[in-house]
file coords27.csv (CSV, C-alpha atoms and all ligand atoms)
chain,number,residue,atom,x,y,z
T,1,MET,CA,29.5,19.5,21.2
T,2,LYS,CA,27.1,20.8,18.6
T,3,ASN,CA,23.9,18.9,17.9
T,4,ILE,CA,22.0,20.5,15.0
T,5,VAL,CA,18.6,19.6,13.6
T,6,LEU,CA,18.7,20.5,9.9
T,7,PHE,CA,15.1,21.1,9.1
T,8,GLY,CA,13.0,21.8,6.1
T,9,PRO,CA,10.4,20.3,3.7
T,10,PRO,CA,11.2,17.6,1.2
T,11,GLY,CA,13.6,19.0,-1.4
T,12,ALA,CA,14.8,21.9,0.8
T,13,GLY,CA,18.5,20.8,0.3
T,14,LYS,CA,19.2,19.3,3.8
T,15,GLY,CA,21.2,16.4,2.5
T,16,THR,CA,23.3,18.5,0.1
T,17,GLN,CA,24.1,21.0,2.8
T,18,ALA,CA,24.7,18.4,5.5
T,19,ASP,CA,27.4,16.9,3.4
T,20,PHE,CA,29.4,20.2,3.5
T,21,LEU,CA,28.6,21.0,7.1
T,22,LYS,CA,29.7,17.6,8.5
T,23,THR,CA,33.2,18.1,7.0
T,24,LEU,CA,33.5,21.7,8.1
T,25,TYR,CA,32.5,21.0,11.7
T,26,HIS,CA,33.5,17.4,12.1
T,27,LEU,CA,30.0,16.2,12.9
T,28,ILE,CA,28.3,12.9,12.3
T,29,HIS,CA,25.5,13.2,9.7
T,30,ILE,CA,22.5,11.0,10.3
T,31,SER,CA,19.9,11.1,7.6
T,32,THR,CA,16.9,8.9,8.5
T,33,GLY,CA,15.9,8.7,4.8
T,34,ASP,CA,19.4,7.4,3.9
T,35,VAL,CA,19.4,4.9,6.8
T,36,PHE,CA,16.0,3.6,5.6
T,37,ARG,CA,17.1,3.5,2.0
T,38,ASN,CA,20.2,1.5,2.9
T,39,ASN,CA,18.0,-1.0,4.8
T,40,ILE,CA,15.8,-1.3,1.7
T,41,LYS,CA,18.9,-2.0,-0.4
T,42,GLY,CA,20.1,-4.6,2.1
T,43,ASN,CA,16.7,-6.2,2.2
T,44,THR,CA,16.5,-6.0,6.0
T,45,ALA,CA,13.2,-6.4,8.0
T,46,LEU,CA,13.4,-2.7,8.8
T,47,GLY,CA,13.9,-1.9,5.1
T,48,LEU,CA,10.9,-4.0,4.1
T,49,LEU,CA,8.7,-2.3,6.6
T,50,ALA,CA,9.9,1.3,5.8
T,51,LYS,CA,9.5,0.7,2.1
T,52,SER,CA,5.8,0.2,2.3
T,53,TYR,CA,5.4,3.7,3.8
T,54,MET,CA,8.1,5.5,1.9
T,55,ASP,CA,7.0,4.5,-1.6
T,56,LYS,CA,3.7,6.2,-0.9
T,57,GLY,CA,5.3,9.3,0.6
T,58,ASP,CA,3.9,8.5,4.1
T,59,LEU,CA,6.0,8.8,7.2
T,60,VAL,CA,7.3,5.6,8.7
T,61,PRO,CA,5.8,5.0,12.2
T,62,ASP,CA,7.4,6.8,15.1
T,63,LYS,CA,8.4,3.9,17.2
T,64,VAL,CA,10.4,2.3,14.4
T,65,THR,CA,12.0,5.6,13.4
T,66,ILE,CA,12.9,6.6,17.0
T,67,ASP,CA,14.5,3.2,17.8
T,68,MET,CA,16.5,3.4,14.6
T,69,LEU,CA,17.7,6.9,15.3
T,70,LYS,CA,18.9,6.0,18.8
T,71,ASP,CA,20.8,3.1,17.4
T,72,GLU,CA,22.5,5.3,14.9
T,73,VAL,CA,23.5,7.8,17.6
T,74,ASP,CA,24.8,5.1,19.9
T,75,LYS,CA,27.1,3.8,17.1
T,76,HIS,CA,29.2,7.0,17.6
T,77,PRO,CA,30.0,7.4,21.3
T,78,HIS,CA,33.0,9.7,20.6
T,79,ALA,CA,31.3,12.0,18.2
T,80,LYS,CA,31.9,15.8,18.4
T,81,GLY,CA,28.2,16.3,17.6
T,82,PHE,CA,25.5,15.3,15.1
T,83,ILE,CA,23.6,16.8,12.2
T,84,PHE,CA,20.1,15.3,12.3
T,85,ASP,CA,18.7,15.4,8.8
T,86,GLY,CA,15.1,14.2,8.4
T,87,PHE,CA,14.6,13.7,12.1
T,88,PRO,CA,12.6,14.7,14.1
T,89,ARG,CA,9.5,14.8,11.8
T,90,THR,CA,6.8,14.6,14.4
T,91,SER,CA,6.2,16.0,17.9
T,92,SER,CA,6.8,12.6,19.5
T,93,GLN,CA,10.0,12.2,17.7
T,94,ALA,CA,11.1,15.7,18.9
T,95,THR,CA,10.3,14.8,22.5
T,96,ALA,CA,12.0,11.4,22.2
T,97,LEU,CA,15.1,13.1,20.8
T,98,ASP,CA,15.2,15.7,23.6
T,99,ASN,CA,14.8,13.0,26.3
T,100,PHE,CA,17.5,10.9,24.7
T,101,LEU,CA,20.1,13.7,24.3
T,102,ASN,CA,19.3,15.4,27.5
T,103,ALA,CA,20.0,12.2,29.4
T,104,LYS,CA,23.4,12.1,27.7
T,105,GLY,CA,24.0,15.7,28.7
T,106,THR,CA,24.3,16.7,25.1
T,107,PRO,CA,21.2,18.7,24.1
T,108,ILE,CA,20.2,20.0,20.8
T,109,SER,CA,22.0,23.3,20.1
T,110,ALA,CA,19.7,24.6,17.4
T,111,MET,CA,17.1,23.7,14.8
T,112,ILE,CA,18.2,25.3,11.5
T,113,ALA,CA,15.4,25.5,8.9
T,114,LEU,CA,16.0,25.8,5.2
T,115,GLU,CA,13.1,27.9,3.8
T,116,VAL,CA,12.1,27.4,0.2
T,117,PRO,CA,8.8,28.1,-1.6
T,118,GLU,CA,6.7,25.0,-2.5
T,119,GLN,CA,6.7,25.4,-6.3
T,120,LEU,CA,10.5,25.4,-6.4
T,121,LEU,CA,10.6,22.3,-4.1
T,122,VAL,CA,8.4,20.4,-6.5
T,123,GLU,CA,10.6,21.3,-9.4
T,124,ARG,CA,13.7,20.2,-7.5
T,125,LEU,CA,12.2,16.9,-6.5
T,126,LEU,CA,10.9,16.0,-9.9
T,127,ASN,CA,14.4,16.9,-11.3
T,128,ARG,CA,16.1,14.7,-8.6
T,129,GLY,CA,13.6,11.9,-9.6
T,130,LEU,CA,15.2,11.8,-13.1
T,131,THR,CA,18.4,10.5,-11.6
T,132,SER,CA,17.8,9.4,-8.0
T,133,GLY,CA,15.8,6.3,-8.8
T,134,ARG,CA,13.6,7.2,-5.8
T,135,PRO,CA,10.0,6.1,-6.4
T,136,ASP,CA,8.8,8.9,-4.1
T,137,ASP,CA,10.5,11.6,-6.3
T,138,GLN,CA,9.0,10.4,-9.6
T,139,ASP,CA,5.3,11.2,-9.2
T,140,GLU,CA,3.8,14.5,-8.4
T,141,ALA,CA,1.0,13.0,-6.4
T,142,LYS,CA,3.5,11.3,-4.1
T,143,ILE,CA,5.4,14.5,-3.8
T,144,ARG,CA,2.2,16.4,-2.8
T,145,ASN,CA,1.5,13.7,-0.2
T,146,ARG,CA,5.0,14.2,1.3
T,147,PHE,CA,4.2,18.0,1.5
T,148,ASN,CA,0.9,17.1,3.1
T,149,GLU,CA,2.7,14.9,5.7
T,150,TYR,CA,5.1,17.8,6.3
T,151,GLU,CA,2.4,20.4,6.7
T,152,THR,CA,0.2,18.3,9.0
T,153,LYS,CA,2.9,16.5,11.2
T,154,THR,CA,6.3,18.2,10.8
T,155,ALA,CA,5.9,22.0,10.3
T,156,ILE,CA,4.6,22.3,13.9
T,157,LEU,CA,8.2,21.6,15.1
T,158,VAL,CA,9.1,25.1,14.3
T,159,ASP,CA,6.9,26.1,17.3
T,160,TYR,CA,8.5,23.4,19.4
T,161,TYR,CA,12.0,24.6,18.9
T,162,SER,CA,11.0,28.3,18.9
T,163,ALA,CA,9.6,27.8,22.4
T,164,GLN,CA,13.1,26.6,23.5
T,165,HIS,CA,14.7,29.6,21.7
T,166,LYS,CA,16.5,27.2,19.4
T,167,PHE,CA,14.8,28.0,16.0
T,168,ILE,CA,16.9,29.6,13.2
T,169,GLY,CA,15.3,30.2,9.8
T,170,ILE,CA,17.6,30.4,6.7
T,171,ASN,CA,16.7,31.4,3.2
T,172,GLY,CA,17.2,28.2,1.2
T,173,VAL,CA,16.9,29.8,-2.2
T,174,GLY,CA,20.2,30.6,-4.0
T,175,SER,CA,23.4,28.8,-5.0
T,176,ILE,CA,24.6,25.8,-2.9
T,177,GLU,CA,27.6,27.9,-1.8
T,178,GLU,CA,25.5,30.9,-0.8
T,179,ILE,CA,23.3,28.7,1.3
T,180,THR,CA,26.3,27.0,2.9
T,181,ASP,CA,27.7,30.4,3.8
T,182,ARG,CA,24.4,31.4,5.5
T,183,LEU,CA,24.4,28.1,7.4
T,184,ARG,CA,28.0,28.6,8.6
T,185,LYS,CA,27.1,32.1,9.9
T,186,ALA,CA,24.3,30.6,11.8
T,187,ILE,CA,26.3,27.7,13.2
T,188,ASP,CA,29.3,29.9,14.1
T,189,SER,CA,27.0,32.1,16.2
T,190,LEU,CA,25.9,29.2,18.4
T,201,LIG,P1,12.9,14.1,1.8
T,201,LIG,O1,13.2,15.0,2.9
T,201,LIG,O2,13.5,14.6,0.5
T,201,LIG,O3,11.4,13.7,1.7
T,201,LIG,P2,14.1,11.8,3.1
T,201,LIG,O4,15.2,11.0,2.5
T,201,LIG,O5,14.5,12.6,4.3
T,201,LIG,O6,13.5,12.7,2.0
T,201,LIG,O7,12.9,10.9,3.6
T,201,LIG,C1,12.3,10.0,2.6
T,201,LIG,C2,11.2,9.2,3.3
T,201,LIG,O8,11.7,8.5,4.4
T,201,LIG,C3,10.0,10.0,4.0
T,201,LIG,O9,9.0,10.4,3.0
T,201,LIG,C4,9.5,9.0,5.0
T,201,LIG,O10,8.7,8.0,4.4
T,201,LIG,C5,10.8,8.4,5.5
T,201,LIG,N1,11.3,9.1,6.7
T,201,LIG,C6,12.5,9.7,6.7
T,201,LIG,N2,12.7,10.2,8.0
T,201,LIG,C7,11.6,9.9,8.7
T,201,LIG,C8,11.1,10.2,10.0
T,201,LIG,N3,11.9,11.0,10.8
T,201,LIG,N4,9.9,9.8,10.4
T,201,LIG,C9,9.2,9.0,9.6
T,201,LIG,N5,9.5,8.7,8.3
T,201,LIG,C10,10.7,9.2,7.9

call {"tool": "encode", "arguments": {"input": "coords27.csv", "output": "structure tokens"}}
result
Amino acid sequence: MKNIVLFGPPGAGKGTQADFLKTLYHLIHISTGDVFRNNIKGNTALGLLAKSYMDKGDLVPDKVTIDMLKDEVDKHPHAKGFIFDGFPRTSSQATALDNFLNAKGTPISAMIALEVPEQLLVERLLNRGLTSGRPDDQDEAKIRNRFNEYETKTAILVDYYSAQHKFIGINGVGSIEEITDRLRKAIDSL
């Protein structure tokens, strides 16, 4: 069982790479951003709540996000493993994930971080905003706020997983294929 936290700031390429990796390794890909966006499309109560935070580039509250993540994992009792994309994003999410997975006897194998300089991230996000329809991609102030959320609440998780000897940093600059190759080498070494 491989449980991988795919980590990195907004625009690092987590979703793109997770799509390849889930097929290669037969893993279930859970993107919290995608689950929230599907709920917004479906006009659910969860979607309405999440939208008020997401549109501003703020994080959705931990309790809501953690409960949702657990539900998603529990939908796949026979999974060979998971790629967590966009989760955990705070220390309490990381602790909740560890407690949840350890209780199942299927701990996190590694946190793999895609490392990309901020200026390139802003360009990628503004570009994506041209076609994604995502309000949080279309305005540089919102993008800056997402980086601020990342710097103040999320980046600390590098230390959290390093302390468990589970942190792997990957250069996230290059072609999509090159980056997939780097990720494969990291995952195959687990
Ligand atoms: P990106 O990584 O490109 O910013 P995501 O699709 O992963 O995009 O997330 C979009 C938004 O969804 C975030 O800005 C945040 O509002 C919300 N979100 C996603 N995952 C989480 C999480 N783990 N905790 C809190 N909010 C989250």

call {"tool": "closest_atom_pairs", "arguments": {"input": "coords27.csv", "of": "chain T", "to": "ligand LIG 201 (chain T)", "cutoff": "9 Å", "atoms": "only C-alpha atoms and all ligand atoms", "output": "tab-separated table"}}
result
residue	atom	partner	partner_atom	distance
T:Phe7	CA	T:LIG201	O1	8.9
T:Gly8	CA	T:LIG201	O1	7.5
T:Pro9	CA	T:LIG201	O1	6.0
T:Pro10	CA	T:LIG201	O1	3.7
T:Gly11	CA	T:LIG201	O2	4.8
T:Ala12	CA	T:LIG201	O1	7.4
T:Gly13	CA	T:LIG201	O2	8.0
T:Lys14	CA	T:LIG201	O1	7.4
T:Gly15	CA	T:LIG201	O5	7.9
T:Ser31	CA	T:LIG201	O5	6.5
T:Thr32	CA	T:LIG201	N2	4.4
T:Gly33	CA	T:LIG201	O4	3.3
T:Asp34	CA	T:LIG201	O4	5.7
T:Val35	CA	T:LIG201	C6	8.4
T:Phe36	CA	T:LIG201	O8	6.6
T:Arg37	CA	T:LIG201	O8	7.7
T:Ala50	CA	T:LIG201	O10	6.9
T:Lys51	CA	T:LIG201	O10	7.7
T:Ser52	CA	T:LIG201	O10	8.6
T:Tyr53	CA	T:LIG201	O10	5.5
T:Met54	CA	T:LIG201	O10	3.6
T:Asp55	CA	T:LIG201	O10	7.2
T:Lys56	CA	T:LIG201	O10	7.5
T:Gly57	CA	T:LIG201	O9	4.5
T:Asp58	CA	T:LIG201	O10	4.8
T:Leu59	CA	T:LIG201	N5	3.7
T:Val60	CA	T:LIG201	N5	3.8
T:Pro61	CA	T:LIG201	C9	5.9
T:Asp62	CA	T:LIG201	N4	6.1
T:Val64	CA	T:LIG201	C9	8.3
T:Thr65	CA	T:LIG201	N4	5.6
T:Ile66	CA	T:LIG201	N3	7.7
T:Leu69	CA	T:LIG201	N3	8.4
T:Asp85	CA	T:LIG201	O5	6.8
T:Gly86	CA	T:LIG201	O5	4.4
T:Phe87	CA	T:LIG201	N3	4.0
T:Pro88	CA	T:LIG201	N3	5.0
T:Arg89	CA	T:LIG201	N3	4.6
T:Thr90	CA	T:LIG201	N4	7.0
T:Gln93	CA	T:LIG201	N3	7.3
T:Leu125	CA	T:LIG201	O2	7.5
T:Arg134	CA	T:LIG201	C1	8.9
T:Asp136	CA	T:LIG201	O9	7.3
T:Asp137	CA	T:LIG201	O2	8.0
T:Ile143	CA	T:LIG201	O3	8.2
T:Asn145	CA	T:LIG201	O9	8.8
T:Arg146	CA	T:LIG201	O9	5.8
T:Phe147	CA	T:LIG201	O3	8.4
T:Glu149	CA	T:LIG201	O9	8.2
T:Tyr150	CA	T:LIG201	O3	8.8

call {"tool": "closest_residue", "arguments": {"input": "coords27.csv", "among": "T:Asn3, T:Leu21, T:Ser91, T:His26", "to": "T:Ile179", "atoms": "all atoms listed in the file"}}
result
T:Leu21

call {"tool": "closest_residue", "arguments": {"input": "coords27.csv", "among": "T:Lys2, T:Lys142, T:Lys153, T:Lys185", "to": "T:Ala94", "atoms": "all atoms listed in the file"}}
result
T:Lys153

call {"tool": "residues_around", "arguments": {"input": "coords27.csv", "residues": "T:Leu183", "least_positions_apart": "4", "cutoff": "8 Å", "atoms": "only C-alpha atoms", "output": "VMD selection string"}}
result
chain T and resid 112 170 179 187

call {"tool": "atom_distance", "arguments": {"input": "coords27.csv", "atom1": "atom CA of T:Leu27", "atom2": "atom CA of T:Asn102"}}
result
18.1 Å

call {"tool": "closest_residue", "arguments": {"input": "coords27.csv", "among": "T:Leu130, T:Ile83, T:Leu97, T:Ile40", "to": "T:Gln17", "atoms": "all atoms listed in the file"}}
result
T:Ile83

call {"tool": "build_atoms", "arguments": {"input": "coords27.csv", "residues": "stretch 84-104 of chain T", "atoms": "N, CA, C and O atoms", "output": "JSON list (two decimals), in the coordinates of the input"}}
result
[["chain", "number", "residue", "atom", "x", "y", "z"],
["T", 84, "PHE", "N", 21.30, 16.14, 12.49],
["T", 84, "PHE", "CA", 20.10, 15.30, 12.30],
["T", 84, "PHE", "C", 19.37, 15.84, 11.05],
["T", 84, "PHE", "O", 18.95, 17.00, 11.02],
["T", 85, "ASP", "N", 19.24, 14.99, 10.06],
["T", 85, "ASP", "CA", 18.70, 15.40, 8.80],
["T", 85, "ASP", "C", 17.45, 14.47, 8.51],
["T", 85, "ASP", "O", 17.61, 13.27, 8.33],
["T", 86, "GLY", "N", 16.26, 15.04, 8.57],
["T", 86, "GLY", "CA", 15.10, 14.20, 8.40],
["T", 86, "GLY", "C", 14.52, 13.68, 9.70],
["T", 86, "GLY", "O", 13.61, 12.87, 9.71],
["T", 87, "PHE", "N", 15.05, 14.14, 10.78],
["T", 87, "PHE", "CA", 14.60, 13.70, 12.10],
["T", 87, "PHE", "C", 14.86, 14.91, 13.07],
["T", 87, "PHE", "O", 15.94, 15.48, 13.01],
["T", 88, "PRO", "N", 13.92, 15.26, 13.93],
["T", 88, "PRO", "CA", 12.60, 14.70, 14.10],
["T", 88, "PRO", "C", 11.61, 15.23, 13.03],
["T", 88, "PRO", "O", 11.81, 16.30, 12.48],
["T", 89, "ARG", "N", 10.57, 14.45, 12.76],
["T", 89, "ARG", "CA", 9.50, 14.80, 11.80],
["T", 89, "ARG", "C", 8.15, 14.83, 12.44],
["T", 89, "ARG", "O", 7.18, 15.12, 11.75],
["T", 90, "THR", "N", 8.04, 14.50, 13.70],
["T", 90, "THR", "CA", 6.80, 14.60, 14.40],
["T", 90, "THR", "C", 7.06, 15.06, 15.84],
["T", 90, "THR", "O", 8.21, 14.99, 16.30],
["T", 91, "SER", "N", 5.99, 15.50, 16.52],
["T", 91, "SER", "CA", 6.20, 16.00, 17.90],
["T", 91, "SER", "C", 6.73, 14.87, 18.79],
["T", 91, "SER", "O", 7.60, 15.12, 19.63],
["T", 92, "SER", "N", 6.24, 13.64, 18.62],
["T", 92, "SER", "CA", 6.80, 12.60, 19.50],
["T", 92, "SER", "C", 8.21, 12.27, 19.23],
["T", 92, "SER", "O", 8.96, 11.93, 20.14],
["T", 93, "GLN", "N", 8.61, 12.40, 17.97],
["T", 93, "GLN", "CA", 10.00, 12.20, 17.70],
["T", 93, "GLN", "C", 10.88, 13.31, 18.33],
["T", 93, "GLN", "O", 11.97, 13.06, 18.85],
["T", 94, "ALA", "N", 10.36, 14.55, 18.31],
["T", 94, "ALA", "CA", 11.10, 15.70, 18.90],
["T", 94, "ALA", "C", 11.27, 15.47, 20.41],
["T", 94, "ALA", "O", 12.35, 15.67, 20.98],
["T", 95, "THR", "N", 10.19, 15.03, 21.06],
["T", 95, "THR", "CA", 10.30, 14.80, 22.50],
["T", 95, "THR", "C", 11.22, 13.66, 22.81],
["T", 95, "THR", "O", 12.03, 13.74, 23.74],
["T", 96, "ALA", "N", 11.14, 12.59, 22.02],
["T", 96, "ALA", "CA", 12.00, 11.40, 22.20],
["T", 96, "ALA", "C", 13.49, 11.86, 22.05],
["T", 96, "ALA", "O", 14.37, 11.45, 22.83],
["T", 97, "LEU", "N", 13.75, 12.68, 21.06],
["T", 97, "LEU", "CA", 15.10, 13.10, 20.80],
["T", 97, "LEU", "C", 15.63, 13.96, 21.98],
["T", 97, "LEU", "O", 16.77, 13.77, 22.46],
["T", 98, "ASP", "N", 14.81, 14.88, 22.46],
["T", 98, "ASP", "CA", 15.20, 15.70, 23.60],
["T", 98, "ASP", "C", 15.50, 14.83, 24.83],
["T", 98, "ASP", "O", 16.53, 15.01, 25.50],
["T", 99, "ASN", "N", 14.59, 13.90, 25.12],
["T", 99, "ASN", "CA", 14.80, 13.00, 26.30],
["T", 99, "ASN", "C", 16.09, 12.25, 26.17],
["T", 99, "ASN", "O", 16.88, 12.13, 27.12],
["T", 100, "PHE", "N", 16.32, 11.72, 25.00],
["T", 100, "PHE", "CA", 17.50, 10.90, 24.70],
["T", 100, "PHE", "C", 18.78, 11.70, 24.87],
["T", 100, "PHE", "O", 19.72, 11.30, 25.57],
["T", 101, "LEU", "N", 18.82, 12.87, 24.24],
["T", 101, "LEU", "CA", 20.10, 13.70, 24.30],
["T", 101, "LEU", "C", 20.26, 14.34, 25.61],
["T", 101, "LEU", "O", 21.40, 14.43, 26.09],
["T", 102, "ASN", "N", 19.20, 14.79, 26.23],
["T", 102, "ASN", "CA", 19.30, 15.40, 27.50],
["T", 102, "ASN", "C", 19.89, 14.43, 28.56],
["T", 102, "ASN", "O", 20.71, 14.78, 29.41],
["T", 103, "ALA", "N", 19.46, 13.18, 28.45],
["T", 103, "ALA", "CA", 20.00, 12.20, 29.40],
["T", 103, "ALA", "C", 21.45, 11.93, 29.19],
["T", 103, "ALA", "O", 22.16, 11.53, 30.12],
["T", 104, "LYS", "N", 21.94, 12.19, 27.98],
["T", 104, "LYS", "CA", 23.40, 12.10, 27.70],
["T", 104, "LYS", "C", 24.13, 13.34, 28.09],
["T", 104, "LYS", "O", 25.35, 13.41, 27.97]]
